[in-house]
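For reference, the structure is listed below as structure tokens.
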Amino acid sequence: MIVRKLSRHLAIPAAVIAILLIGIFAWLNHAHQNAGTLYLKDRFGDRSAINPISISGDISDQYASTTFEINDGQLSVHTELYDPPLLLPDHYKYVNGGKKRIDNLEYEVHGEGAFYVMYYDKNLLNAKNNGQSSLVYTNIVNADSDSKYSNSLEYGLAKLGDHLYFTVPTTAENTGTNGIYELSFAKDGTTRTVAEFSLDQNKEGASLAVLGLAAAGGKLALILKEHGHVVVRGYDPESGKMLGSIMLDPSSSMYSDQYEAYSNDMVLNLVFQNNSVQTEHTFYHKTVWSIDFQYGMQLVDTTNLDYASTRKDYYRSRMNMQYLGGRLYLVYTFTEPRPEDRFDSFLPIHLMIRVYKANRLLYEGELVSDLNDDLVNTFNWPEGSSYDLQLYDYRLFDHLRLERGKGE
């Protein structure tokens with residue numbers, strides 16, 4: 001009887017000790033997961049400049065993901081381990097000529113004169129709908145078969161709510177009629193013409209090229225080059241009425257045909273490379289134009305963005321931005337330019353944060369991490385040795401987002 005009572009009393013502290021040990025091991029595991037190097041380093045200006053914005057993203061590979069968030073200038077971090085490891089991490093990035101992802105669906109466009117827009121859903125539960133297409137007929141004349149389009153056809157896709165729109169990225173050699181079309185993927189659906197416009201001015205020696213289509217504030221933005229200048233026309237998606245036209249670069253500068261588009265609320269931010277500024281081949285000279293569609297359309301900001309980076313690191317480079325309260329908030333990566341190095345896509349990469357107001361830099365910071373430790377053995381690989389390097393074996397900065405701050 002005494003032995004039974006003693007055993008019963010000993011079981012209570014043993015259970016408590018076991019619970020405490022489990023808690024300690026869980027805490028140590030959590031601390032270990034979040035022990036990597038990650039902190040925000042101020043390089044210029046006052047950090048309070050980023051207080052109105054929330055910045056988030058992750059550093060991830062197939063084994064783990066470290067998510068980060070900056071609110072009111074304060075960094076919070078959480079790491080999740082993958083067990084088993086992911087077969088292929090989702091590090092999607094649109095590159096010219098590839099599939100364009102919009103809201104978890106990936107689109108591609110094929111055709112000439114008549115165009116097929118197809119989509120694919122990575123969710124296996126919806127895979128039965130993959131390959132469904134919407135057909136667009138146009139009256140575009142390809143005068144020069146060697147340069148049919150100014151950009152890949154996917155540049156012509158834009159989405160507003162549940163509606164997908166398309167225009168053809170035509171060149172200054174094209175004539176006939178182009179347009180903006182609302183697509184339908186329903187079995188008996190038909191494409192709706194939102195607006196049409198003539199390309200026949202190209203017959204008379206004029207120059208009109210369509211670069212692509214974007215959307216912001218419930219409106220459509222047709223992005224053009226007229227006589228070499230970047231021009232944006234705004235359209236109402238329901239009536240097809242043109243809201244206005246803005247020449248973004250009245251100067252003699254020459255800008256790339258390819259661009260990046262970032263929209264938030266009512267503002268569309270367009271990013272073009274300025275090809276008129278010639279310095280080292282590793283230096284970017286970009287211009288960001290911010291267009292507000294809240295009341296018609298208005299160019300509210302122009303910012304020149306300069307930074308050094310290798311131009312060959314397409315897969316890892318990332319950027320996002322938001323225009324809010326008269327300021328341009330920007331987060332982007334750059335890869336250390338080392339022209340003599342043979343591993344362009346495996347050089348040290350950095351994540352930067354900038355804030356501009358009226359084209360004046362207010363703040364610059366770097367999210368310092370140990371990500372580049374993954375690359376030490378790679379870019380010190382012995383000359384002449386064989387190698388098989390896979391980008392998804394290395395951690396990447398990804399899924400960068402900027403949103404209005406929680407206290408705003």
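Ordering of the structure tokens sets the chain letters (A, B, ...), residue numbers begin anew at 1 in every chain, and ligands are numbered from 1 in the order given.
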
Please list as a JSON list (two decimals) with C-alpha atoms, in the first residue's frame every residue within 7 Å of Gly156 in chain A, counting only C-alpha atoms and excluding residues in the same chain fewer than 2 positions away.
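Once written, selection.json looks like this:
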[["chain", "number", "residue", "atom", "x", "y", "z"],
["A", 153, "LEU", "CA", 2.27, 38.55, -76.18],
["A", 154, "GLU", "CA", 1.77, 38.06, -72.44],
["A", 158, "ALA", "CA", -4.22, 42.67, -67.54],
["A", 166, "PHE", "CA", -5.90, 41.60, -73.72],
["A", 167, "THR", "CA", -4.26, 43.78, -76.35],
["A", 168, "VAL", "CA", -1.65, 42.81, -78.92],
["A", 169, "PRO", "CA", 1.85, 44.30, -78.42],
["A", 212, "GLY", "CA", 1.30, 46.23, -73.34],
["A", 213, "LEU", "CA", -1.67, 46.60, -71.01]]

Open item on the list: Going by DSSP on the backbone, which residues of range 159-259 of chain A come out as strand (DSSP E or B)? List them as a PyMOL selection string.
Closed with: chain A and resi 159-160+163-166+170+175-182+192-198+208-216+219-226+229-235+242-247+255-259

- [ ] Excluding Tyr92 in chain A and any residue of its chain fewer than 4 positions from it, enumerate the residues within 9 Å of it, using only C-alpha atoms, and give them as a PyMOL selection string.
- [x] chain A and resi 101+315+398

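Minimum atom-to-atom distances from A:Lys122, A:His110, A:Lys219, A:His350 to Val368 in chain A were compared using only C-alpha atoms, and the lowest value belongs to A:His350.
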
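Omitting Arg360 in chain A and its sequence neighbours fewer than 4 positions away, and counting only C-alpha atoms, the residues within 9 Å are Thr303, Asn304, Val355 and Tyr356 of chain A.
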
Task: Between CA of Asp292 in chain A and CA of Pro237 in chain A - distance in Å to one decimal - done: 16.2 Å

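Counting only C-alpha atoms, Phe397 in chain A has the following residues at most 9 Å away, ignoring those fewer than 5 positions along the same chain: Gly57, Asp58, Ile59, Ser60, Arg316, Ser317, Arg318, Thr333, Ile349, His350, Leu351 and Leu371 of chain A.
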
For the residues selected in the previous step, produce a file with N, CA and C atoms as a short mmCIF file (atom, residue, chain, number, x, y, z; two decimals), in the first residue's frame.
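Generated output (out_32.cif):
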data_model
loop_
_atom_site.label_atom_id
_atom_site.label_comp_id
_atom_site.auth_asym_id
_atom_site.auth_seq_id
_atom_site.Cartn_x
_atom_site.Cartn_y
_atom_site.Cartn_z
N GLY A 57 8.12 39.67 -46.79
CA GLY A 57 8.68 38.76 -47.80
C GLY A 57 9.23 37.54 -47.12
N ASP A 58 10.06 36.79 -47.82
CA ASP A 58 10.68 35.63 -47.21
C ASP A 58 12.03 35.33 -47.85
N ILE A 59 12.80 34.55 -47.11
CA ILE A 59 14.05 33.95 -47.61
C ILE A 59 13.82 32.45 -47.55
N SER A 60 13.83 31.78 -48.69
CA SER A 60 13.37 30.39 -48.68
C SER A 60 14.10 29.54 -49.70
N ARG A 316 16.87 35.47 -59.93
CA ARG A 316 16.83 35.82 -58.51
C ARG A 316 16.38 37.25 -58.24
N SER A 317 16.48 38.14 -59.21
CA SER A 317 16.18 39.55 -58.96
C SER A 317 14.70 39.73 -58.65
N ARG A 318 14.40 40.62 -57.70
CA ARG A 318 13.03 40.89 -57.28
C ARG A 318 12.85 42.38 -57.07
N THR A 333 16.08 43.84 -55.01
CA THR A 333 17.36 43.16 -54.82
C THR A 333 18.35 43.65 -55.86
N ILE A 349 23.89 38.55 -53.29
CA ILE A 349 22.68 39.33 -53.59
C ILE A 349 22.22 40.04 -52.32
N HIS A 350 21.64 41.24 -52.47
CA HIS A 350 21.26 42.06 -51.33
C HIS A 350 19.84 42.58 -51.51
N LEU A 351 19.15 42.76 -50.39
CA LEU A 351 17.79 43.29 -50.40
C LEU A 351 17.79 44.71 -49.85
N LEU A 371 22.10 34.90 -46.14
CA LEU A 371 21.75 34.18 -47.37
C LEU A 371 22.98 33.91 -48.23
#

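What separates CA of His229 in chain A from CA of Asp265 in chain A is a distance of 26.3 Å.
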
Open item on the list: I need the residue nearest Tyr295 in chain A from this list: A:Asp236, A:Tyr259, A:Arg311, A:Gln273. Use only C-alpha atoms for the distance.
Closed with: A:Asp236

Can you tell me, as a PDB file with N, CA and C atoms, in the first residue's frame, what residues are no more than 6 Å from range 180-186 of chain A when counting only C-alpha atoms, ignoring any on the same chain fewer than 6 positions away?
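Result written to result-v6.pdb:
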ATOM      1  N   SER A 133      -9.196  27.971 -73.447  1.00  0.00           N
ATOM      2  CA  SER A 133      -8.677  29.150 -74.131  1.00  0.00           C
ATOM      3  C   SER A 133      -9.788  30.122 -74.496  1.00  0.00           C
ATOM      4  N   SER A 134      -9.370  31.356 -74.707  1.00  0.00           N
ATOM      5  CA  SER A 134     -10.250  32.402 -75.216  1.00  0.00           C
ATOM      6  C   SER A 134      -9.650  32.892 -76.525  1.00  0.00           C
ATOM      7  N   LEU A 164     -10.552  39.516 -67.334  1.00  0.00           N
ATOM      8  CA  LEU A 164      -9.226  39.516 -67.944  1.00  0.00           C
ATOM      9  C   LEU A 164      -9.306  40.202 -69.303  1.00  0.00           C
ATOM     10  N   TYR A 165      -8.315  41.060 -69.576  1.00  0.00           N
ATOM     11  CA  TYR A 165      -8.304  41.849 -70.805  1.00  0.00           C
ATOM     12  C   TYR A 165      -7.010  41.592 -71.569  1.00  0.00           C
ATOM     13  N   PHE A 166      -7.058  41.884 -72.873  1.00  0.00           N
ATOM     14  CA  PHE A 166      -5.903  41.600 -73.722  1.00  0.00           C
ATOM     15  C   PHE A 166      -5.798  42.617 -74.845  1.00  0.00           C
ATOM     16  N   THR A 167      -4.571  43.027 -75.128  1.00  0.00           N
ATOM     17  CA  THR A 167      -4.262  43.776 -76.346  1.00  0.00           C
ATOM     18  C   THR A 167      -3.027  43.157 -76.961  1.00  0.00           C
ATOM     19  N   ARG A 192     -15.390  40.209 -75.875  1.00  0.00           N
ATOM     20  CA  ARG A 192     -16.010  41.525 -76.030  1.00  0.00           C
ATOM     21  C   ARG A 192     -14.952  42.559 -76.372  1.00  0.00           C
ATOM     22  N   THR A 193     -15.223  43.353 -77.398  1.00  0.00           N
ATOM     23  CA  THR A 193     -14.312  44.435 -77.760  1.00  0.00           C
ATOM     24  C   THR A 193     -14.596  45.641 -76.875  1.00  0.00           C
ATOM     25  N   VAL A 194     -13.614  46.027 -76.071  1.00  0.00           N
ATOM     26  CA  VAL A 194     -13.757  47.193 -75.197  1.00  0.00           C
ATOM     27  C   VAL A 194     -13.519  48.468 -75.990  1.00  0.00           C
ATOM     28  N   ALA A 195     -12.445  48.487 -76.783  1.00  0.00           N
ATOM     29  CA  ALA A 195     -12.107  49.664 -77.597  1.00  0.00           C
ATOM     30  C   ALA A 195     -11.215  49.219 -78.743  1.00  0.00           C
TER      31      ALA A 195
END

- [ ] Write out as a PyMOL selection string each polymer residue whose atoms come within 10 Å of range 352-354 of chain A, counting only C-alpha atoms; drop sequence neighbours fewer than 6 positions from it.
- [x] chain A and resi 40-45+49-50+55+305+319-321+328-334+361-368
